[in-house]
file run-v4.txt (compact mmCIF, C-alpha atoms)
# COMPACT_ATOMS: atom_id res chain seq x y z
CA MET M 2 -61.73 -176.10 0.70
CA THR M 3 -62.22 -175.60 -3.02
CA THR M 4 -59.18 -175.84 -5.19
CA PRO M 5 -59.49 -174.41 -8.73
CA ARG M 6 -59.45 -177.94 -10.14
CA ASP M 7 -62.65 -178.77 -8.33
CA VAL M 8 -64.69 -176.32 -10.35
CA PRO M 9 -64.49 -177.88 -13.85
CA THR M 10 -64.97 -181.45 -12.58
CA ARG M 11 -68.03 -180.39 -10.69
CA ARG M 12 -69.36 -178.69 -13.80
CA VAL M 13 -68.73 -181.79 -15.90
CA ARG M 14 -70.51 -183.89 -13.31
CA LEU M 15 -73.41 -181.45 -13.22
CA GLU M 16 -73.66 -181.56 -17.00
CA ALA M 17 -73.67 -185.36 -16.96
CA VAL M 18 -76.53 -185.30 -14.45
CA GLY M 19 -78.31 -182.61 -16.48
CA ASN M 20 -78.16 -184.74 -19.60
CA GLN M 21 -79.99 -187.51 -17.75
CA ILE M 22 -82.88 -185.27 -16.79
CA PRO M 23 -84.90 -185.19 -20.08
CA PRO M 24 -84.99 -189.02 -20.32
CA LEU M 25 -85.88 -189.16 -16.62
CA ILE M 26 -88.81 -186.81 -17.18
CA ALA M 27 -89.88 -188.88 -20.19
CA LEU M 28 -89.85 -192.00 -18.00
CA ILE M 29 -91.94 -190.31 -15.34
CA VAL M 30 -94.48 -189.13 -17.92
CA LEU M 31 -94.57 -192.65 -19.35
CA TRP M 32 -95.22 -194.09 -15.90
CA MET M 33 -98.17 -191.73 -15.45
CA LEU M 34 -99.47 -192.53 -18.95
CA LEU M 35 -99.43 -196.21 -18.04
CA TRP M 36 -101.40 -195.61 -14.86
CA GLY M 37 -103.69 -193.28 -16.73
CA GLU M 38 -104.10 -190.72 -13.99
CA PHE M 39 -102.22 -188.09 -12.14
CA SER M 40 -101.77 -188.43 -8.41
CA TRP M 41 -98.99 -187.39 -6.09
CA LEU M 42 -98.31 -191.00 -5.16
CA ASN M 43 -97.95 -191.85 -8.86
CA LEU M 44 -95.55 -188.96 -9.33
CA LEU M 45 -93.47 -190.04 -6.35
CA VAL M 46 -93.30 -193.70 -7.39
CA GLY M 47 -92.66 -192.59 -10.99
CA ILE M 48 -89.67 -190.51 -9.90
CA MET M 49 -88.32 -193.43 -7.90
CA VAL M 50 -88.77 -195.95 -10.69
CA GLY M 51 -87.32 -193.43 -13.16
CA ILE M 52 -84.17 -192.95 -11.11
CA VAL M 53 -83.72 -196.69 -10.62
CA VAL M 54 -84.11 -197.30 -14.37
CA THR M 55 -81.76 -194.45 -15.33
CA VAL M 56 -79.09 -195.70 -12.96
CA ALA M 57 -79.50 -199.42 -13.60
CA PHE M 58 -79.74 -199.20 -17.41
CA TYR M 59 -77.25 -196.45 -18.01
CA LEU M 60 -77.32 -195.05 -21.53
CA VAL M 61 -74.72 -192.96 -23.22
CA PRO M 62 -75.94 -189.39 -22.80
CA VAL M 63 -77.58 -188.09 -25.94
CA GLN M 64 -76.54 -184.64 -27.04
CA LEU M 65 -79.79 -182.71 -27.20
CA SER M 66 -79.93 -179.84 -29.63
CA GLY M 67 -81.47 -177.42 -27.16
CA ARG M 68 -83.86 -176.01 -29.73
CA VAL M 69 -87.52 -176.88 -30.32
CA HIS M 70 -89.80 -175.22 -32.81
CA PRO M 71 -93.34 -176.24 -31.77
CA LEU M 72 -95.07 -175.54 -35.09
CA HIS M 73 -92.52 -177.41 -37.20
CA THR M 74 -92.57 -180.30 -34.71
CA VAL M 75 -96.34 -180.57 -35.07
CA VAL M 76 -95.98 -180.40 -38.87
CA PHE M 77 -93.50 -183.27 -38.70
CA PHE M 78 -95.77 -185.49 -36.59
CA VAL M 79 -98.89 -184.78 -38.63
CA ARG M 80 -97.03 -185.48 -41.85
CA LEU M 81 -95.60 -188.67 -40.31
CA ILE M 82 -99.08 -189.94 -39.48
CA LEU M 83 -100.34 -189.09 -42.98
CA ASP M 84 -97.34 -190.92 -44.46
CA ILE M 85 -98.05 -193.97 -42.30
CA VAL M 86 -101.69 -194.05 -43.41
CA ARG M 87 -100.87 -193.65 -47.10
CA ALA M 88 -98.01 -196.14 -47.09
CA SER M 89 -100.02 -198.70 -45.06
CA ILE M 90 -102.66 -198.67 -47.75
CA ASP M 91 -99.98 -199.02 -50.46
CA VAL M 92 -98.31 -201.98 -48.78
CA SER M 93 -101.64 -203.67 -48.01
CA TRP M 94 -102.69 -203.29 -51.63
CA LEU M 95 -99.36 -204.71 -52.74
CA ALA M 96 -99.97 -207.73 -50.50
CA VAL M 97 -103.46 -208.52 -51.76
CA LYS M 98 -103.31 -207.46 -55.40
CA PRO M 99 -103.80 -210.36 -57.81
CA ARG M 100 -100.51 -210.22 -59.68
CA LEU M 101 -97.66 -210.11 -57.23
CA VAL M 102 -94.55 -208.45 -58.60
CA THR M 103 -91.76 -207.89 -56.14
CA SER M 104 -89.01 -205.58 -57.07
CA ASN M 105 -87.15 -204.14 -54.12
CA ALA M 106 -84.01 -202.16 -53.58
CA ILE M 107 -81.42 -201.55 -50.90
CA LEU M 108 -80.52 -197.89 -51.03
CA GLU M 109 -77.76 -195.87 -49.52
CA ILE M 110 -79.02 -192.51 -48.34
CA ARG M 111 -76.62 -189.85 -47.15
CA LEU M 112 -78.14 -187.59 -44.54
CA ARG M 113 -76.82 -184.11 -44.06
CA THR M 114 -77.00 -183.96 -40.29
CA ARG M 115 -74.09 -184.84 -38.05
CA SER M 116 -76.17 -185.30 -34.93
CA ASP M 117 -76.89 -188.75 -33.48
CA LEU M 118 -80.28 -187.56 -32.29
CA ILE M 119 -81.46 -186.47 -35.75
CA LEU M 120 -79.95 -189.57 -37.35
CA THR M 121 -81.91 -191.78 -34.94
CA TRP M 122 -85.14 -189.86 -35.41
CA THR M 123 -84.82 -190.02 -39.18
CA ALA M 124 -84.09 -193.74 -39.06
CA VAL M 125 -87.10 -194.44 -36.83
CA ALA M 126 -89.39 -192.12 -38.78
CA THR M 127 -88.50 -193.68 -42.12
CA SER M 128 -88.79 -197.21 -40.87
CA ILE M 129 -92.10 -196.62 -39.10
CA VAL M 130 -93.55 -195.69 -42.49
CA PRO M 131 -94.44 -198.95 -44.25
CA GLY M 132 -92.32 -199.94 -47.20
CA SER M 133 -88.88 -199.19 -45.82
CA ILE M 134 -86.65 -200.91 -43.26
CA VAL M 135 -83.32 -199.71 -41.97
CA VAL M 136 -80.87 -202.51 -42.69
CA ASP M 137 -77.73 -200.75 -41.56
CA ILE M 138 -76.48 -197.39 -40.37
CA ASP M 139 -73.10 -195.78 -40.84
CA ARG M 140 -72.94 -193.46 -37.88
CA GLU M 141 -69.67 -191.70 -38.76
CA SER M 142 -70.87 -190.41 -42.09
CA SER M 143 -74.65 -190.37 -41.35
CA ILE M 144 -75.62 -192.91 -43.98
CA LEU M 145 -78.79 -194.99 -43.79
CA TYR M 146 -79.05 -198.24 -45.70
CA LEU M 147 -82.73 -198.89 -46.35
CA HIS M 148 -84.52 -201.86 -47.81
CA VAL M 149 -87.39 -200.43 -49.82
CA LEU M 150 -90.39 -202.32 -51.09
CA ASN M 151 -91.77 -201.94 -54.59
CA MET M 152 -89.17 -199.89 -56.41
CA ASN M 153 -89.63 -200.30 -60.13
CA SER M 154 -87.57 -197.62 -61.80
CA ALA M 155 -84.83 -195.09 -61.30
CA GLY M 156 -87.57 -192.48 -60.90
CA ASP M 157 -89.07 -194.40 -57.96
CA ILE M 158 -85.68 -194.54 -56.32
CA GLU M 159 -85.06 -190.85 -56.76
CA SER M 160 -88.44 -189.89 -55.34
CA PHE M 161 -87.88 -192.20 -52.38
CA ARG M 162 -84.50 -190.59 -51.69
CA ARG M 163 -86.10 -187.19 -51.82
CA ARG M 164 -88.79 -188.34 -49.39
CA VAL M 165 -86.24 -189.47 -46.79
CA LEU M 166 -84.27 -186.23 -47.12
CA ASP M 167 -87.50 -184.25 -46.74
CA THR M 168 -88.29 -186.20 -43.57
CA GLU M 169 -84.86 -185.33 -42.27
CA ARG M 170 -85.43 -181.68 -43.08
CA ARG M 171 -88.77 -181.63 -41.25
CA ILE M 172 -87.18 -183.21 -38.18
CA VAL M 173 -84.30 -180.74 -38.18
CA ARG M 174 -86.71 -177.84 -38.57
CA GLY M 175 -88.70 -179.18 -35.66
CA PHE M 176 -85.98 -179.86 -33.13
CA GLY M 177 -82.57 -179.92 -34.75
CA SER M 178 -79.63 -177.82 -33.70
CA ARG M 179 -79.00 -174.41 -35.22
CA GLU M 180 -76.00 -175.65 -37.23
CA ASP M 181 -78.13 -178.38 -38.76
CA VAL M 182 -80.81 -175.88 -39.74
CA GLU M 183 -78.14 -173.76 -41.42
CA ARG M 184 -76.77 -176.83 -43.16
CA MET M 185 -80.21 -177.75 -44.48
CA ARG M 186 -80.70 -174.25 -45.78
CA GLY M 187 -77.25 -174.14 -47.35
CA VAL M 188 -77.42 -177.41 -49.25
CA ARG M 189 -80.64 -176.87 -51.13
CA PRO M 190 -80.99 -177.56 -53.97
CA ALA M 191 -77.61 -177.58 -55.72
CA ASN M 192 -75.77 -179.50 -53.04
CA ARG M 193 -78.42 -182.12 -52.77
CA ARG M 194 -77.69 -183.17 -56.31
CA ALA M 195 -73.99 -183.17 -55.49
CA ALA M 196 -74.61 -185.29 -52.41
CA ARG M 197 -76.60 -187.73 -54.48
CA SER M 198 -73.97 -188.17 -57.19
CA ASN M 199 -71.41 -188.37 -54.47
CA GLY M 200 -73.36 -191.24 -52.94
CA LYS M 201 -73.46 -192.97 -56.30
CA GLY M 202 -69.74 -192.56 -56.79
CA GLN M 203 -69.14 -194.24 -53.45
CA SER M 204 -71.10 -197.39 -54.10
CA MET T 25 -128.15 -188.72 -35.19
CA SER T 26 -124.99 -188.47 -33.23
CA ALA T 27 -125.48 -192.07 -32.10
CA LEU T 28 -125.60 -193.12 -35.74
CA LEU T 29 -122.48 -191.13 -36.51
CA HIS T 30 -120.81 -192.75 -33.54
CA ASP T 31 -121.71 -196.23 -34.75
CA VAL T 32 -120.55 -195.54 -38.28
CA LEU T 33 -117.23 -194.18 -37.03
CA THR T 34 -116.76 -197.21 -34.77
CA ALA T 35 -117.52 -199.60 -37.61
CA ILE T 36 -115.13 -197.87 -39.98
CA LEU T 37 -112.27 -197.80 -37.47
CA VAL T 38 -112.66 -201.44 -36.46
CA LEU T 39 -112.95 -202.56 -40.08
CA VAL T 40 -109.87 -200.59 -41.08
CA GLY T 41 -107.93 -202.17 -38.22
CA ALA T 42 -109.09 -205.64 -39.18
CA ALA T 43 -108.34 -205.06 -42.87
CA MET T 44 -104.80 -203.95 -42.05
CA CYS T 45 -104.17 -207.06 -39.93
CA LEU T 46 -105.59 -209.25 -42.69
CA ALA T 47 -103.37 -207.59 -45.30
CA ALA T 48 -100.36 -208.09 -43.02
CA GLY T 49 -101.19 -211.79 -42.74
CA ILE T 50 -101.65 -212.21 -46.47
CA GLY T 51 -98.43 -210.33 -47.17
CA LEU T 52 -96.56 -212.54 -44.72
CA ILE T 53 -97.52 -215.58 -46.79
CA ARG T 54 -97.28 -214.11 -50.26
CA PHE T 55 -94.11 -212.05 -50.16
CA PRO T 56 -91.14 -214.04 -51.35
CA ASP T 57 -88.21 -213.35 -49.03
CA VAL T 58 -87.36 -212.42 -45.44
CA LEU T 59 -86.88 -208.71 -46.01
CA SER T 60 -90.11 -208.13 -47.90
CA ARG T 61 -92.01 -210.30 -45.41
CA LEU T 62 -90.72 -208.08 -42.66
CA HIS T 63 -92.47 -205.16 -44.30
CA ALA T 64 -95.75 -207.02 -44.24
CA ALA T 65 -95.24 -208.35 -40.73
CA THR T 66 -94.36 -205.13 -38.97
CA LYS T 67 -95.86 -202.18 -40.75
CA PRO T 68 -99.51 -202.29 -41.76
CA GLN T 69 -100.61 -203.07 -38.22
CA ILE T 70 -99.21 -199.81 -36.93
CA PHE T 71 -102.02 -198.14 -38.80
CA GLY T 72 -104.40 -200.96 -37.84
CA LEU T 73 -103.45 -200.57 -34.19
CA MET T 74 -103.93 -196.81 -34.39
CA ALA T 75 -107.41 -197.32 -35.82
CA VAL T 76 -108.45 -199.89 -33.20
CA THR T 77 -107.04 -197.96 -30.25
CA ALA T 78 -108.59 -194.73 -31.54
CA ASP T 79 -111.88 -196.57 -31.58
CA VAL T 80 -111.42 -197.70 -27.97
CA ALA T 81 -110.60 -194.13 -26.99
CA ILE T 82 -113.73 -192.84 -28.70
CA ASN T 83 -115.97 -195.41 -27.05
CA ASN T 84 -114.64 -195.04 -23.52
CA PHE T 85 -113.61 -191.47 -23.57
CA SER T 86 -111.68 -190.57 -20.45
CA VAL T 87 -108.27 -189.15 -19.66
CA GLY T 88 -107.08 -192.56 -18.50
CA THR T 89 -107.94 -194.33 -21.76
CA VAL T 90 -106.53 -191.60 -23.97
CA THR T 91 -103.19 -191.57 -22.16
CA LEU T 92 -103.04 -195.35 -22.25
CA VAL T 93 -103.78 -195.31 -25.99
CA VAL T 94 -101.03 -192.76 -26.55
CA ALA T 95 -98.62 -194.92 -24.56
CA ILE T 96 -99.56 -198.05 -26.54
CA VAL T 97 -99.13 -196.39 -29.93
CA VAL T 98 -95.87 -194.69 -28.98
CA PHE T 99 -94.43 -197.93 -27.65
CA GLN T 100 -95.47 -199.84 -30.73
CA ALA T 101 -94.09 -197.12 -32.99
CA LEU T 102 -90.76 -197.19 -31.17
CA THR T 103 -90.30 -200.94 -30.88
CA ALA T 104 -91.58 -202.24 -34.23
CA PRO T 105 -88.86 -200.52 -36.33
CA MET T 106 -86.17 -201.79 -33.94
CA ALA T 107 -87.38 -205.37 -34.25
CA ALA T 108 -87.60 -205.02 -38.02
CA HIS T 109 -84.13 -203.53 -38.17
CA LEU T 110 -82.57 -206.31 -36.09
CA VAL T 111 -84.20 -209.09 -38.09
CA GLY T 112 -83.43 -207.33 -41.38
CA ARG T 113 -79.83 -206.80 -40.49
CA ALA T 114 -79.39 -210.38 -39.34
CA ALA T 115 -81.00 -211.58 -42.57
CA TYR T 116 -78.65 -209.43 -44.63
CA GLU T 117 -75.54 -210.46 -42.70
CA THR T 118 -76.32 -214.15 -43.04
CA GLU T 119 -77.28 -213.67 -46.70
CA HIS T 120 -80.84 -214.83 -46.28
CA LEU T 121 -82.00 -212.68 -49.12
CA ARG T 122 -82.68 -213.13 -52.78
CA PRO T 123 -80.53 -210.77 -54.84
CA ASP T 124 -82.72 -211.42 -57.88
CA LEU T 125 -85.53 -209.47 -56.20
CA LEU T 126 -83.43 -206.35 -55.74
CA ILE T 127 -83.04 -203.87 -58.53
CA VAL T 128 -80.26 -202.04 -56.68
CA ASP T 129 -78.13 -203.12 -53.73
CA GLU T 130 -76.02 -200.20 -52.62
CA LEU T 131 -74.96 -201.92 -49.42
CA LYS T 132 -73.25 -204.75 -51.27
CA GLY T 133 -70.26 -202.81 -52.60
CA ARG T 134 -69.77 -201.33 -49.19
CA ARG T 135 -69.71 -204.73 -47.53
CA ASP T 136 -67.26 -206.20 -50.02
CA GLU T 137 -65.04 -203.20 -49.54
CA GLY T 138 -65.09 -203.73 -45.77
CA ARG T 139 -64.39 -207.40 -46.17
CA THR T 140 -61.34 -207.01 -48.40
CA SER T 141 -59.89 -204.28 -46.21
CA ALA T 142 -60.44 -206.50 -43.17
CA THR T 143 -58.57 -209.41 -44.72
CA ASP T 144 -55.66 -207.27 -45.90
call {"tool": "encode", "arguments": {"input": "run-v4.txt", "output": "structure tokens"}}
result
Amino acid sequence: MTTPRDVPTRRVRLEAVGNQIPPLIALIVLWMLLWGEFSWLNLLVGIMVGIVVTVAFYLVPVQLSGRVHPLHTVVFFVRLILDIVRASIDVSWLAVKPRLVTSNAILEIRLRTRSDLILTWTAVATSIVPGSIVVDIDRESSILYLHVLNMNSAGDIESFRRRVLDTERRIVRGFGSREDVERMRGVRPANRRAARSNGKGQS
Amino acid sequence: MSALLHDVLTAILVLVGAAMCLAAGIGLIRFPDVLSRLHAATKPQIFGLMAVTADVAINNFSVGTVTLVVAIVVFQALTAPMAAHLVGRAAYETEHLRPDLLIVDELKGRRDEGRTSATD
């Protein structure tokens, strides 16, 4: 007995379950990484633990973009590691150098994406690189508030802003949605300046 | 020859890891306020940890160690920014910061705006 109303609800339910599958797979992979070997028993226990965790600690489903560009994703990760290395050396030098001058800034950076996933990735990627911490996030308008170490001039601030926006662009190119890719392409470079002055006008 | 190379690589990686931890410790003492100390406390060891775990992976090369190393680094990379963000945000909210150290504070106007609109 299937009434017409059954069909959409079943689809919605299927979609809700489908959205839980990528995190579930990630959990299973993590379980195997922790054990350090592949065996069928590990896989079975991993699936069980994964399901228990997904059900017990229910998260709001994240809208995945459904698009992955392997080369750009690799570029993003390699660049991230290089950034971490370079910035770690900078911050370490700042800590040990004889004359300590601290001049920091809290900056408002307007991202162009409208996706929670990209916003989160950009926030984590910028705050994993030494020298910047996310103090606050405005989710509605995709704004990151970052505390940045060692900013001495307006030029420093501008180049830092550009660095965050470039990180965002690399992430979107790697695994952002098609609309975001279009948006990135559309806003360069004239709109970026507009976005920046817009940000200044707001604060 | 390759043994020598191996030793040199090990020494470099361990020393880099140690140097990063040392710098983090020094920064923790020398930096003047909560937010800048957070930078020293959370960040340089990510690189230090990567160096040390890479060294472990090189010395006991097996699938098990490499996957474990990947898991360690990924976990650290995911959790450290969250911890820093929570502490930083709490410090900002409770005004445990020194405005004289900031050359720009673009969050301040925003907060005041929110506050006045909330009281209206």
call {"tool": "interface_residues", "arguments": {"input": "run-v4.txt", "of": "chain M", "to": "chain T", "cutoff": "9 Å", "atoms": "only C-alpha atoms", "output": "number ranges by chain"}}
result
M: 31, 33-38, 82, 85-86, 88-90, 92-97, 101, 103-109, 124-137, 146-150, 152-154, 201, 203-204
call {"tool": "atom_distance", "arguments": {"input": "run-v4.txt", "atom1": "atom CA of M:Pro24", "atom2": "atom CA of M:Leu44"}}
result
15.2 Å
call {"tool": "atom_distance", "arguments": {"input": "run-v4.txt", "atom1": "atom CA of M:Asp84", "atom2": "atom CA of T:Leu39"}}
result
20.0 Å
call {"tool": "atom_distance", "arguments": {"input": "run-v4.txt", "atom1": "atom CA of M:Val61", "atom2": "atom CA of M:Ser143"}}
result
18.3 Å
call {"tool": "residues_around", "arguments": {"input": "run-v4.txt", "residues": "M:His73", "least_positions_apart": "4", "cutoff": "9 Å", "atoms": "all atoms listed in the file", "output": "ChimeraX atom specification"}}
result
/M:69,77-78,171-176
